[in-house]
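Q: upload-v5.cif is reproduced below (mmCIF, C-alpha atoms and all ligand atoms).
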```
data_start
loop_
_atom_site.label_atom_id
_atom_site.label_comp_id
_atom_site.auth_asym_id
_atom_site.auth_seq_id
_atom_site.Cartn_x
_atom_site.Cartn_y
_atom_site.Cartn_z
CA MET A 1 -24.43 40.40 66.45
CA THR A 2 -24.15 41.99 69.93
CA ILE A 3 -27.72 43.27 69.90
CA GLU A 4 -29.05 40.08 68.35
CA ASN A 5 -27.39 38.07 71.13
CA ALA A 6 -28.84 40.38 73.74
CA LEU A 7 -32.30 39.77 72.32
CA ASN A 8 -31.96 36.01 72.31
CA ASN A 9 -30.34 35.49 75.66
CA PRO A 10 -31.93 36.61 78.93
CA TYR A 11 -28.61 36.59 80.78
CA THR A 12 -26.75 39.86 81.06
CA LYS A 13 -23.72 40.94 83.09
CA TRP A 14 -25.60 42.66 85.91
CA MET A 15 -27.30 39.35 86.75
CA GLU A 16 -24.02 37.68 87.64
CA GLY A 17 -24.97 37.45 91.33
CA LYS A 18 -21.33 37.88 92.39
CA GLY A 19 -19.36 40.75 93.90
CA PRO A 20 -19.61 42.95 97.00
CA HIS A 21 -22.96 42.49 98.80
CA ALA A 22 -24.38 40.64 95.78
CA SER A 23 -27.17 39.04 97.78
CA ILE A 24 -28.74 42.41 98.65
CA VAL A 25 -27.42 44.69 95.92
CA ILE A 26 -28.39 43.16 92.62
CA SER A 27 -26.83 45.78 90.39
CA SER A 28 -25.12 49.15 90.25
CA ARG A 29 -25.77 51.66 87.50
CA VAL A 30 -24.05 54.87 86.52
CA ARG A 31 -25.57 56.97 83.79
CA LEU A 32 -24.39 60.19 82.26
CA ALA A 33 -26.68 62.58 80.40
CA ARG A 34 -24.99 64.49 77.58
CA ASN A 35 -26.19 66.83 74.84
CA LEU A 36 -24.67 68.28 71.71
CA ASN A 37 -24.20 71.99 71.20
CA ASP A 38 -26.25 73.55 68.39
CA TYR A 39 -28.99 70.91 68.40
CA ASN A 40 -32.34 71.21 70.15
CA PHE A 41 -33.08 68.82 72.97
CA PRO A 42 -34.85 65.69 71.66
CA HIS A 43 -38.39 66.79 72.58
CA LEU A 44 -37.93 69.95 70.46
CA GLN A 45 -36.11 68.27 67.59
CA ASP A 46 -37.28 68.17 63.99
CA GLU A 47 -36.54 65.01 62.04
CA GLU A 48 -33.54 66.48 60.27
CA SER A 49 -31.69 67.43 63.43
CA GLY A 50 -32.76 64.15 65.08
CA ARG A 51 -31.14 62.25 62.22
CA LYS A 52 -28.01 64.42 62.41
CA VAL A 53 -27.64 63.68 66.14
CA MET A 54 -28.04 59.96 65.36
CA GLU A 55 -25.33 60.17 62.72
CA LEU A 56 -22.88 62.04 64.95
CA ALA A 57 -23.57 59.69 67.85
CA LYS A 58 -23.13 56.62 65.68
CA ASP A 59 -19.77 57.84 64.34
CA ALA A 60 -18.48 58.59 67.82
CA LEU A 61 -19.80 55.39 69.40
CA THR A 62 -18.32 53.13 66.76
CA ALA A 63 -14.97 54.96 66.49
CA GLN A 64 -11.85 52.79 66.69
CA GLU A 65 -10.80 53.99 70.16
CA VAL A 66 -14.27 53.28 71.60
CA GLN A 67 -14.22 49.80 70.08
CA GLU A 68 -10.86 49.16 71.71
CA LEU A 69 -12.26 50.08 75.14
CA VAL A 70 -15.75 48.60 74.81
CA ASP A 71 -15.69 45.09 73.36
CA GLY A 72 -18.11 44.39 70.56
CA ILE A 73 -19.91 47.73 70.75
CA GLU A 74 -22.69 47.88 68.18
CA PHE A 75 -25.02 50.70 67.21
CA MET A 76 -28.55 50.28 65.96
CA SER A 77 -31.46 52.53 65.16
CA LEU A 78 -34.50 51.53 67.19
CA GLU A 79 -36.45 51.54 63.96
CA GLU A 80 -34.65 48.32 63.05
CA LEU A 81 -36.06 46.61 66.13
CA SER A 82 -39.57 45.26 66.48
CA PRO A 83 -41.72 46.50 69.39
CA LEU A 84 -41.13 43.09 71.04
CA ASP A 85 -37.36 43.43 70.76
CA ARG A 86 -37.49 46.88 72.31
CA LEU A 87 -39.48 45.51 75.21
CA ILE A 88 -36.89 42.79 75.69
CA LEU A 89 -34.12 45.37 75.94
CA MET A 90 -36.28 47.26 78.42
CA GLU A 91 -36.95 44.14 80.49
CA LYS A 92 -33.18 43.58 80.64
CA HIS A 93 -32.82 47.19 81.89
CA LEU A 94 -30.65 48.05 78.87
CA ILE A 95 -32.99 50.79 77.66
CA SER A 96 -35.59 52.80 79.53
CA PRO A 97 -39.35 52.32 79.16
CA GLN A 98 -39.46 55.78 77.50
CA LEU A 99 -37.02 54.77 74.77
CA ALA A 100 -38.78 51.45 74.24
CA ASP A 101 -41.97 53.46 73.53
CA GLY A 102 -40.25 56.03 71.30
CA GLU A 103 -41.72 56.39 67.82
CA GLY A 104 -39.93 57.64 64.73
CA PRO A 105 -36.56 57.20 63.04
CA CYS A 106 -34.34 59.15 65.40
CA HIS A 107 -33.81 56.85 68.39
CA GLY A 108 -30.79 54.64 68.75
CA ILE A 109 -28.93 52.32 71.04
CA ALA A 110 -25.31 51.24 71.30
CA LEU A 111 -24.52 48.14 73.30
CA SER A 112 -21.33 46.36 74.37
CA GLU A 113 -20.92 42.63 73.98
CA ASP A 114 -21.18 41.94 77.71
CA GLU A 115 -24.12 44.41 77.87
CA ALA A 116 -22.44 46.36 80.67
CA VAL A 117 -22.29 49.52 78.55
CA SER A 118 -25.27 50.88 76.73
CA VAL A 119 -25.93 54.27 75.23
CA MET A 120 -29.38 55.53 74.39
CA VAL A 121 -29.54 58.16 71.67
CA ASN A 122 -32.27 60.79 71.61
CA GLU A 123 -34.03 59.66 74.73
CA GLU A 124 -34.64 62.58 77.12
CA ASP A 125 -31.13 63.85 76.25
CA HIS A 126 -29.09 63.35 73.07
CA LEU A 127 -26.95 60.75 74.79
CA ARG A 128 -27.60 58.69 77.88
CA LEU A 129 -24.57 56.56 78.62
CA GLN A 130 -25.07 53.83 81.20
CA VAL A 131 -22.78 51.27 82.77
CA LEU A 132 -24.46 48.42 84.63
CA PHE A 133 -22.42 46.13 86.86
CA PRO A 134 -23.49 43.36 89.22
CA ALA A 135 -23.48 43.91 93.02
CA LEU A 136 -22.24 47.06 94.77
CA GLN A 137 -19.69 48.28 92.23
CA LEU A 138 -20.54 51.92 91.72
CA LYS A 139 -16.94 53.06 91.66
CA GLU A 140 -16.01 50.47 89.04
CA ALA A 141 -19.05 51.41 86.96
CA TRP A 142 -18.15 55.09 87.22
CA ASN A 143 -14.53 54.44 86.17
CA LEU A 144 -15.68 52.76 82.98
CA ALA A 145 -18.42 55.32 82.28
CA SER A 146 -15.90 58.11 82.70
CA LYS A 147 -13.48 56.55 80.21
CA VAL A 148 -16.18 56.06 77.61
CA ASP A 149 -17.41 59.61 78.23
CA ASP A 150 -13.90 61.01 77.67
CA LEU A 151 -13.61 59.22 74.35
CA LEU A 152 -17.00 60.47 73.23
CA GLU A 153 -16.20 64.00 74.35
CA SER A 154 -13.05 63.99 72.24
CA ARG A 155 -15.26 63.56 69.16
CA LEU A 156 -18.49 65.29 70.09
CA ASP A 157 -19.14 68.90 71.04
CA PHE A 158 -20.96 68.47 74.36
CA ALA A 159 -23.10 71.31 75.70
CA PHE A 160 -21.15 72.47 78.74
CA ASP A 161 -21.32 75.67 80.73
CA GLU A 162 -18.38 76.86 82.83
CA GLN A 163 -20.67 77.75 85.73
CA TYR A 164 -23.34 75.03 85.55
CA GLY A 165 -21.51 72.10 84.02
CA TYR A 166 -23.16 69.75 81.51
CA LEU A 167 -26.46 71.10 80.21
CA THR A 168 -29.34 68.68 80.16
CA CYS A 169 -32.94 68.64 79.06
CA CYS A 170 -34.29 68.38 82.61
CA PRO A 171 -32.77 70.89 85.04
CA THR A 172 -32.50 68.16 87.69
CA ASN A 173 -29.67 66.58 85.69
CA VAL A 174 -27.63 69.74 85.06
CA GLY A 175 -24.06 69.72 86.37
CA THR A 176 -22.52 66.30 86.29
CA GLY A 177 -25.46 64.76 84.39
CA LEU A 178 -24.83 61.77 86.58
CA ARG A 179 -27.36 59.47 88.14
CA ALA A 180 -25.89 56.61 90.07
CA SER A 181 -28.19 53.95 91.35
CA VAL A 182 -28.28 50.62 93.09
CA MET A 183 -31.00 48.04 92.70
CA MET A 184 -31.51 46.51 96.12
CA HIS A 185 -33.51 43.63 97.50
CA LEU A 186 -34.96 44.87 100.78
CA PRO A 187 -37.67 42.46 101.95
CA ALA A 188 -37.05 42.83 105.67
CA ILE A 189 -37.18 46.64 105.57
CA ALA A 190 -40.28 46.46 103.37
CA MET A 191 -42.01 44.16 105.85
CA THR A 192 -41.53 46.49 108.80
CA ASN A 193 -44.03 49.27 109.20
CA GLN A 194 -41.08 51.66 109.26
CA ALA A 195 -40.43 51.25 105.53
CA ASN A 196 -42.11 54.47 104.42
CA ARG A 197 -40.40 56.48 107.12
CA PHE A 198 -37.09 54.94 106.18
CA PHE A 199 -37.49 55.80 102.49
CA MET A 200 -38.65 59.33 103.40
CA SER A 201 -35.50 59.82 105.43
CA LEU A 202 -33.43 58.82 102.40
CA SER A 203 -35.16 61.47 100.33
CA LYS A 204 -34.31 64.09 102.95
CA LEU A 205 -30.67 63.09 102.52
CA GLY A 206 -30.88 63.72 98.76
CA PHE A 207 -31.60 60.22 97.49
CA VAL A 208 -34.56 58.95 95.50
CA VAL A 209 -36.16 55.55 95.87
CA ARG A 210 -37.75 54.24 92.65
CA GLY A 211 -39.46 51.06 91.50
CA LEU A 212 -38.19 48.20 89.41
CA TYR A 213 -38.12 50.01 86.06
CA GLY A 214 -37.07 53.43 87.33
CA GLU A 215 -38.98 56.69 87.38
CA GLY A 216 -42.74 56.34 87.76
CA THR A 217 -42.67 52.55 88.18
CA GLN A 218 -43.65 50.47 91.18
CA ALA A 219 -41.41 48.47 93.46
CA LYS A 220 -42.01 44.78 92.81
CA GLY A 221 -40.57 41.79 94.58
CA ASN A 222 -39.14 44.11 97.25
CA LEU A 223 -36.70 45.47 94.68
CA PHE A 224 -35.94 49.15 95.02
CA GLN A 225 -33.68 51.47 93.05
CA VAL A 226 -31.94 54.05 95.16
CA SER A 227 -30.24 56.92 93.32
CA ASN A 228 -28.87 60.42 93.86
CA GLN A 229 -31.30 63.30 93.53
CA ILE A 230 -28.66 66.01 93.25
CA THR A 231 -26.36 66.26 90.25
CA LEU A 232 -25.01 69.75 90.78
CA GLY A 233 -22.46 71.13 93.24
CA LEU A 234 -20.69 67.87 93.98
CA SER A 235 -18.04 66.07 91.98
CA GLU A 236 -18.79 62.74 90.33
CA GLU A 237 -16.52 61.00 92.83
CA GLU A 238 -18.40 62.59 95.74
CA LEU A 239 -21.77 61.54 94.33
CA ILE A 240 -20.55 57.98 93.84
CA GLY A 241 -18.93 57.93 97.30
CA ASN A 242 -22.11 59.24 98.96
CA LEU A 243 -24.36 56.68 97.30
CA THR A 244 -21.91 53.90 98.14
CA SER A 245 -21.92 54.81 101.80
CA VAL A 246 -25.68 55.23 101.92
CA SER A 247 -26.02 51.82 100.24
CA ARG A 248 -23.84 50.30 102.96
CA GLN A 249 -26.07 51.85 105.60
CA ILE A 250 -29.18 50.48 103.92
CA ILE A 251 -27.58 47.02 103.78
CA GLU A 252 -26.87 47.29 107.49
CA GLN A 253 -30.49 48.25 108.21
CA GLU A 254 -31.73 45.37 106.11
CA GLN A 255 -29.43 42.96 107.97
CA LEU A 256 -30.67 44.28 111.33
CA ALA A 257 -34.28 43.85 110.25
CA ARG A 258 -33.46 40.29 109.10
CA ASP A 259 -31.78 39.47 112.41
CA GLU A 260 -34.89 40.71 114.17
CA MET A 261 -37.10 38.49 111.99
CA ARG A 262 -34.93 35.49 112.69
CA LYS A 263 -35.05 36.15 116.42
CA GLU A 264 -38.71 37.05 116.73
CA SER A 265 -40.47 35.00 114.07
CA LEU A 266 -38.29 32.22 112.70
CA ALA A 267 -41.17 29.78 112.20
CA GLN A 268 -43.17 32.32 110.16
CA LEU A 269 -40.08 33.19 108.17
CA GLU A 270 -39.35 29.54 107.37
CA ASP A 271 -42.96 28.97 106.50
CA MET A 272 -42.95 31.94 104.12
CA VAL A 273 -39.71 30.91 102.41
CA PHE A 274 -40.57 27.23 101.98
CA ARG A 275 -44.14 27.96 101.00
CA SER A 276 -42.84 30.22 98.24
CA TYR A 277 -40.28 27.64 97.17
CA GLY A 278 -43.02 25.03 97.11
CA ILE A 279 -45.25 27.20 94.93
CA LEU A 280 -42.47 28.10 92.51
CA THR A 281 -41.35 24.50 92.09
CA ASN A 282 -44.87 23.08 91.75
CA ALA A 283 -47.24 25.65 90.30
CA TYR A 284 -48.61 25.19 86.79
CA ILE A 285 -50.02 28.68 86.40
CA ILE A 286 -48.42 31.77 87.89
CA SER A 287 -48.80 35.50 87.25
CA SER A 288 -45.87 37.85 86.99
CA GLU A 289 -46.78 39.59 90.26
CA GLU A 290 -47.04 36.32 92.12
CA ALA A 291 -43.78 35.01 90.68
CA VAL A 292 -41.80 38.08 91.61
CA ALA A 293 -43.17 38.03 95.17
CA HIS A 294 -42.24 34.37 95.68
CA LEU A 295 -38.84 34.87 94.06
CA SER A 296 -38.23 37.58 96.63
CA ASN A 297 -39.03 35.17 99.49
CA VAL A 298 -36.78 32.50 98.02
CA ARG A 299 -33.94 34.99 97.64
CA LEU A 300 -34.39 35.98 101.27
CA GLY A 301 -34.38 32.33 102.36
CA LEU A 302 -31.23 31.69 100.35
CA ASP A 303 -29.44 34.68 101.78
CA MET A 304 -30.43 33.77 105.34
CA GLY A 305 -29.14 30.24 104.93
CA LEU A 306 -32.58 28.63 105.14
CA LEU A 307 -32.45 27.38 101.57
CA ARG A 308 -29.54 26.00 99.60
CA ASP A 309 -29.13 24.65 96.07
CA VAL A 310 -30.44 27.80 94.41
CA GLN A 311 -28.09 30.36 92.89
CA PHE A 312 -28.51 34.12 93.05
CA ARG A 313 -27.66 34.24 89.37
CA LYS A 314 -30.58 31.94 88.57
CA LEU A 315 -32.96 34.13 90.59
CA ASN A 316 -31.69 37.24 88.80
CA GLU A 317 -32.18 35.59 85.42
CA LEU A 318 -35.71 34.57 86.33
CA LEU A 319 -36.54 38.18 87.09
CA VAL A 320 -36.10 38.93 83.40
CA GLU A 321 -37.02 35.59 81.83
CA THR A 322 -40.45 35.60 83.43
CA ARG A 323 -41.40 39.03 82.07
CA PRO A 324 -44.05 39.14 79.32
CA ALA A 325 -41.80 40.04 76.36
CA PHE A 326 -39.30 37.32 77.12
CA LEU A 327 -42.00 34.70 77.50
CA ARG A 328 -43.47 35.77 74.18
CA LYS A 329 -40.01 35.47 72.59
CA LEU A 330 -39.55 32.04 74.13
CA ALA A 331 -42.93 30.88 72.82
CA GLY A 332 -41.97 32.09 69.35
CA LYS A 333 -45.49 33.44 68.79
CA GLU A 334 -48.06 35.76 70.30
CA ILE A 335 -49.43 34.25 73.53
CA ASP A 336 -52.39 35.32 75.61
CA ALA A 337 -52.27 36.05 79.35
CA PHE A 338 -53.34 32.54 80.35
CA ASN A 339 -50.64 30.86 78.26
CA ARG A 340 -48.08 33.33 79.53
CA ASP A 341 -48.87 32.36 83.11
CA PHE A 342 -48.62 28.70 82.12
CA LYS A 343 -45.27 29.16 80.34
CA ARG A 344 -43.92 31.24 83.22
CA ALA A 345 -44.74 28.49 85.73
CA GLU A 346 -43.13 25.86 83.51
CA LEU A 347 -39.97 27.93 83.12
CA ILE A 348 -39.65 28.52 86.86
CA ARG A 349 -40.28 24.85 87.71
CA ASN A 350 -37.60 23.77 85.27
CA SER A 351 -35.13 26.38 86.48
CA LEU A 352 -35.47 25.70 90.18
CA SER A 353 -35.84 21.96 90.27
N1 LIG B 401 -29.22 49.79 89.58
C1 LIG B 401 -29.94 49.47 88.50
N2 LIG B 401 -29.90 48.23 88.00
C2 LIG B 401 -30.60 47.89 86.90
N3 LIG B 401 -31.34 48.76 86.21
C3 LIG B 401 -31.42 50.01 86.67
C4 LIG B 401 -30.74 50.43 87.84
N4 LIG B 401 -31.03 51.75 88.03
C5 LIG B 401 -31.85 52.11 87.03
N5 LIG B 401 -32.08 51.09 86.21
C6 LIG B 401 -32.91 51.09 85.00
O1 LIG B 401 -32.60 52.22 84.20
C7 LIG B 401 -33.77 52.72 83.56
C8 LIG B 401 -33.93 54.20 83.85
O2 LIG B 401 -34.14 54.39 85.24
P1 LIG B 401 -34.53 55.80 85.87
O3 LIG B 401 -35.78 56.29 85.23
O4 LIG B 401 -34.52 55.69 87.34
O5 LIG B 401 -33.25 56.64 85.51
P2 LIG B 401 -32.96 57.79 84.48
O6 LIG B 401 -33.87 57.65 83.29
O7 LIG B 401 -31.53 57.77 84.24
O8 LIG B 401 -33.34 59.03 85.35
P3 LIG B 401 -34.01 60.47 85.03
O9 LIG B 401 -35.27 60.49 85.81
O10 LIG B 401 -33.04 61.44 85.56
O11 LIG B 401 -34.23 60.58 83.56
C9 LIG B 401 -34.91 51.87 84.07
O12 LIG B 401 -35.17 50.84 83.14
C10 LIG B 401 -34.37 51.28 85.34
O13 LIG B 401 -34.93 50.03 85.66
#
```
Represent the structure from my file as structure tokens, please.
Ligand SMILES: Nc1ncnc2c1ncn2[C@@H]1O[C@H](COP(=O)(O)OP(=O)(O)OP(=O)(O)O)[C@@H](O)[C@H]1O
A:
Amino acid sequence: MTIENALNNPYTKWMEGKGPHASIVISSRVRLARNLNDYNFPHLQDEESGRKVMELAKDALTAQEVQELVDGIEFMSLEELSPLDRLILMEKHLISPQLADGEGPCHGIALSEDEAVSVMVNEEDHLRLQVLFPALQLKEAWNLASKVDDLLESRLDFAFDEQYGYLTCCPTNVGTGLRASVMMHLPAIAMTNQANRFFMSLSKLGFVVRGLYGEGTQAKGNLFQVSNQITLGLSEEELIGNLTSVSRQIIEQEQLARDEMRKESLAQLEDMVFRSYGILTNAYIISSEEAVAHLSNVRLGLDMGLLRDVQFRKLNELLVETRPAFLRKLAGKEIDAFNRDFKRAELIRNSLS
């Protein structure tokens, strides 16, 4: 039921649009990479050991104590899901693009009813546990992830080395196996010609800036994911604390850049925001790229008090609803690119007006 609901409803907890700095920080994610002793990493697995890992993971993830902590948690093999359904979970950020593409019988997902907790099985590592919360709530996400992790560890034999910590498929995750990340809307920083320098300086401080769907994807709609590069040598609390304070600094920079825009080019700013609002509320055909760019301008206008009567939650929902797989689901049949653009425009008009 949980997974079926997730597939039929674009809304998910991280889209709430409420919480600390919700207008700039859309969501906070904490993920832990874990592997089982005595089983090869997924890319070296044969089918038998892949199935065994699935079985062990399923038993642990659906155990009584996990169900008591994580409401409505449900496990499913990805084989039971159509390619479209996998894409929908990917568009909702509940599974990675890599898992959505995964072939064969040995990939799984567990999901909580509110969709804040999801666990990918046999992705790059045996288990990838993620907690996704709205706004800047890394500490809260970590607290929940840590509790779920403890319960899983009491049932599963995790690969752990006294010196190195948790062992992971990619050496960059060894240690805590933790990647914390924030998805941020940074239009003012992106519009300055300092943006590249700014992102480079973050990487020198040990943070990575990624696009909308994580590693190897492009930033769209001025949405950036900032996460920790280092997983070793610091405690989980330190990693979370560092990313939280860097996020606050980025928010401050974004606010400064917005103040500058308001002071130096208010008319252009208003024109950009209202032009985008006009297009979104009137267009009959709109591409995904165009929609996401105008949604970014509308979000900026809303946050700067130029626009009212639009909710952040609605804008967050549209980010997912207007993606190709969701539109296809909504249409109830295969649709070509032209009809997708038509349906997208209709959906946005109805949502915003
Ligand atoms: N703060 C966030 N809010 C929503 N989704 C996020 C956030 N951070 C990451 N994601 C999503 O999680 C998925 C995986 O992202 P990414 O590739 O950056 O991380 P990862 O797979 O955990 O990292 P690694 O490179 O160490 O394997 C992507 O779909 C991405 O969009």
Q: By how many Å are CA of Ile285 (chain A) and CA of Asn222 (chain A) apart?
A: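 Separation between CA of Ile285 (chain A) and CA of Asn222 (chain A): 21.8 Å.
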Q: Counting all atoms listed in the file, which residues in chain A sit no more than 7 Å from ligand LIG 401 (chain B)? For each one, give the nearest pair of atoms and the distance in Å, sorted by chain then residue number, as a Markdown table.
A:
```
| residue | atom | partner | partner_atom | distance |
| --- | --- | --- | --- | --- |
| A:Ser27 | CA | B:LIG401 | N2 | 4.6 |
| A:Ser28 | CA | B:LIG401 | N1 | 4.2 |
| A:Arg29 | CA | B:LIG401 | N1 | 4.4 |
| A:Arg31 | CA | B:LIG401 | O7 | 6.0 |
| A:Met90 | CA | B:LIG401 | O12 | 6.0 |
| A:His93 | CA | B:LIG401 | O12 | 4.5 |
| A:Leu94 | CA | B:LIG401 | O12 | 6.8 |
| A:Ile95 | CA | B:LIG401 | O12 | 5.9 |
| A:Ser96 | CA | B:LIG401 | O12 | 4.1 |
| A:Pro97 | CA | B:LIG401 | O12 | 6.0 |
| A:Glu124 | CA | B:LIG401 | O11 | 6.8 |
| A:Leu132 | CA | B:LIG401 | N2 | 6.4 |
| A:Asn173 | CA | B:LIG401 | O10 | 6.1 |
| A:Arg179 | CA | B:LIG401 | O7 | 6.0 |
| A:Ser181 | CA | B:LIG401 | N1 | 4.6 |
| A:Val182 | CA | B:LIG401 | N1 | 3.7 |
| A:Met183 | CA | B:LIG401 | N1 | 4.0 |
| A:Arg210 | CA | B:LIG401 | O4 | 6.4 |
| A:Leu212 | CA | B:LIG401 | O13 | 5.3 |
| A:Tyr213 | CA | B:LIG401 | O13 | 3.2 |
| A:Gly214 | CA | B:LIG401 | O4 | 3.4 |
| A:Glu215 | CA | B:LIG401 | O3 | 3.9 |
| A:Gln225 | CA | B:LIG401 | N4 | 5.7 |
```
Q: Which neighbours of Cys169 (chain A) fall inside 10 Å, counting all atoms listed in the file, when residues of the same chain fewer than 2 positions from it are skipped, and could you give them as a list of chain:residue names?
A: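 Counting all atoms listed in the file, the residues come to A:Ala33, A:Arg34, A:Asn35, A:Asn40, A:Phe41, A:Pro42, A:His43, A:Glu124, A:Asp125, A:His126, A:Leu167, A:Pro171, A:Thr172, A:Asn173, A:Val174, A:Gly177.
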Q: Could those selected residues go to a file with C-alpha atoms, as an mmCIF file, in the coordinates of the input?
A:
```cif
data_model
loop_
_atom_site.group_PDB
_atom_site.id
_atom_site.type_symbol
_atom_site.label_atom_id
_atom_site.label_comp_id
_atom_site.auth_asym_id
_atom_site.auth_seq_id
_atom_site.Cartn_x
_atom_site.Cartn_y
_atom_site.Cartn_z
ATOM 1 C CA ALA A 33 -26.680 62.580 80.400
ATOM 2 C CA ARG A 34 -24.990 64.490 77.580
ATOM 3 C CA ASN A 35 -26.190 66.830 74.840
ATOM 4 C CA ASN A 40 -32.340 71.210 70.150
ATOM 5 C CA PHE A 41 -33.080 68.820 72.970
ATOM 6 C CA PRO A 42 -34.850 65.690 71.660
ATOM 7 C CA HIS A 43 -38.390 66.790 72.580
ATOM 8 C CA GLU A 124 -34.640 62.580 77.120
ATOM 9 C CA ASP A 125 -31.130 63.850 76.250
ATOM 10 C CA HIS A 126 -29.090 63.350 73.070
ATOM 11 C CA LEU A 167 -26.460 71.100 80.210
ATOM 12 C CA PRO A 171 -32.770 70.890 85.040
ATOM 13 C CA THR A 172 -32.500 68.160 87.690
ATOM 14 C CA ASN A 173 -29.670 66.580 85.690
ATOM 15 C CA VAL A 174 -27.630 69.740 85.060
ATOM 16 C CA GLY A 177 -25.460 64.760 84.390
#
```
Q: I'd like to know which of A:Gly241, A:Gly305, A:Gly206, A:Gly221 is closest to Ala188 (chain A), using all atoms listed in the file.
A: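 Using all atoms listed in the file, Ala188 (chain A) sits closest to A:Gly221.
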Q: Please measure the separation of CA of Val25 (chain A) and CA of Arg299 (chain A), giving the value in Å to one decimal.
A: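 Between CA of Val25 (chain A) and CA of Arg299 (chain A) the gap is 11.8 Å.
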Q: Can you work out which one of A:Val273, A:Leu239, A:Val208, A:Ala257 has the shortest atom-to-atom distance to Gln194 (chain A), counting all atoms listed in the file?
A: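 Closest residue, counting all atoms listed in the file: A:Ala257.
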Q: Need to verify the contact set: region 64-73 of chain A, 9 Å, all atoms listed in the file, exclusion of same-chain residues closer than 6 positions in sequence. Can you return it as number ranges by chain?
A: A: 1-2, 110-115, 117-118, 144, 147-148, 151-152
Q: Go ahead and compute the interatomic distance for CA of Ser146 (chain A) and CA of His185 (chain A), in Å to one decimal.
A: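 For CA of Ser146 (chain A) relative to CA of His185 (chain A), the distance reads 27.2 Å.
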Q: Excluding same-chain residues fewer than 4 positions from Thr322 (chain A), what lies within 12 Å of it counting all atoms listed in the file, as a ChimeraX atom specification?
A: /A:10,88,91-92,280,286-292,295,314-318,326-331,340-349,351
Q: Any idea what's packed within 9 Å of region 246-256 of chain A, counting all atoms listed in the file, ignoring anything in its chain fewer than 4 positions away? Could you give it as a ChimeraX atom specification?
A: /A:21,24-25,136,182,184-189,202,207,226,241-242,260-261
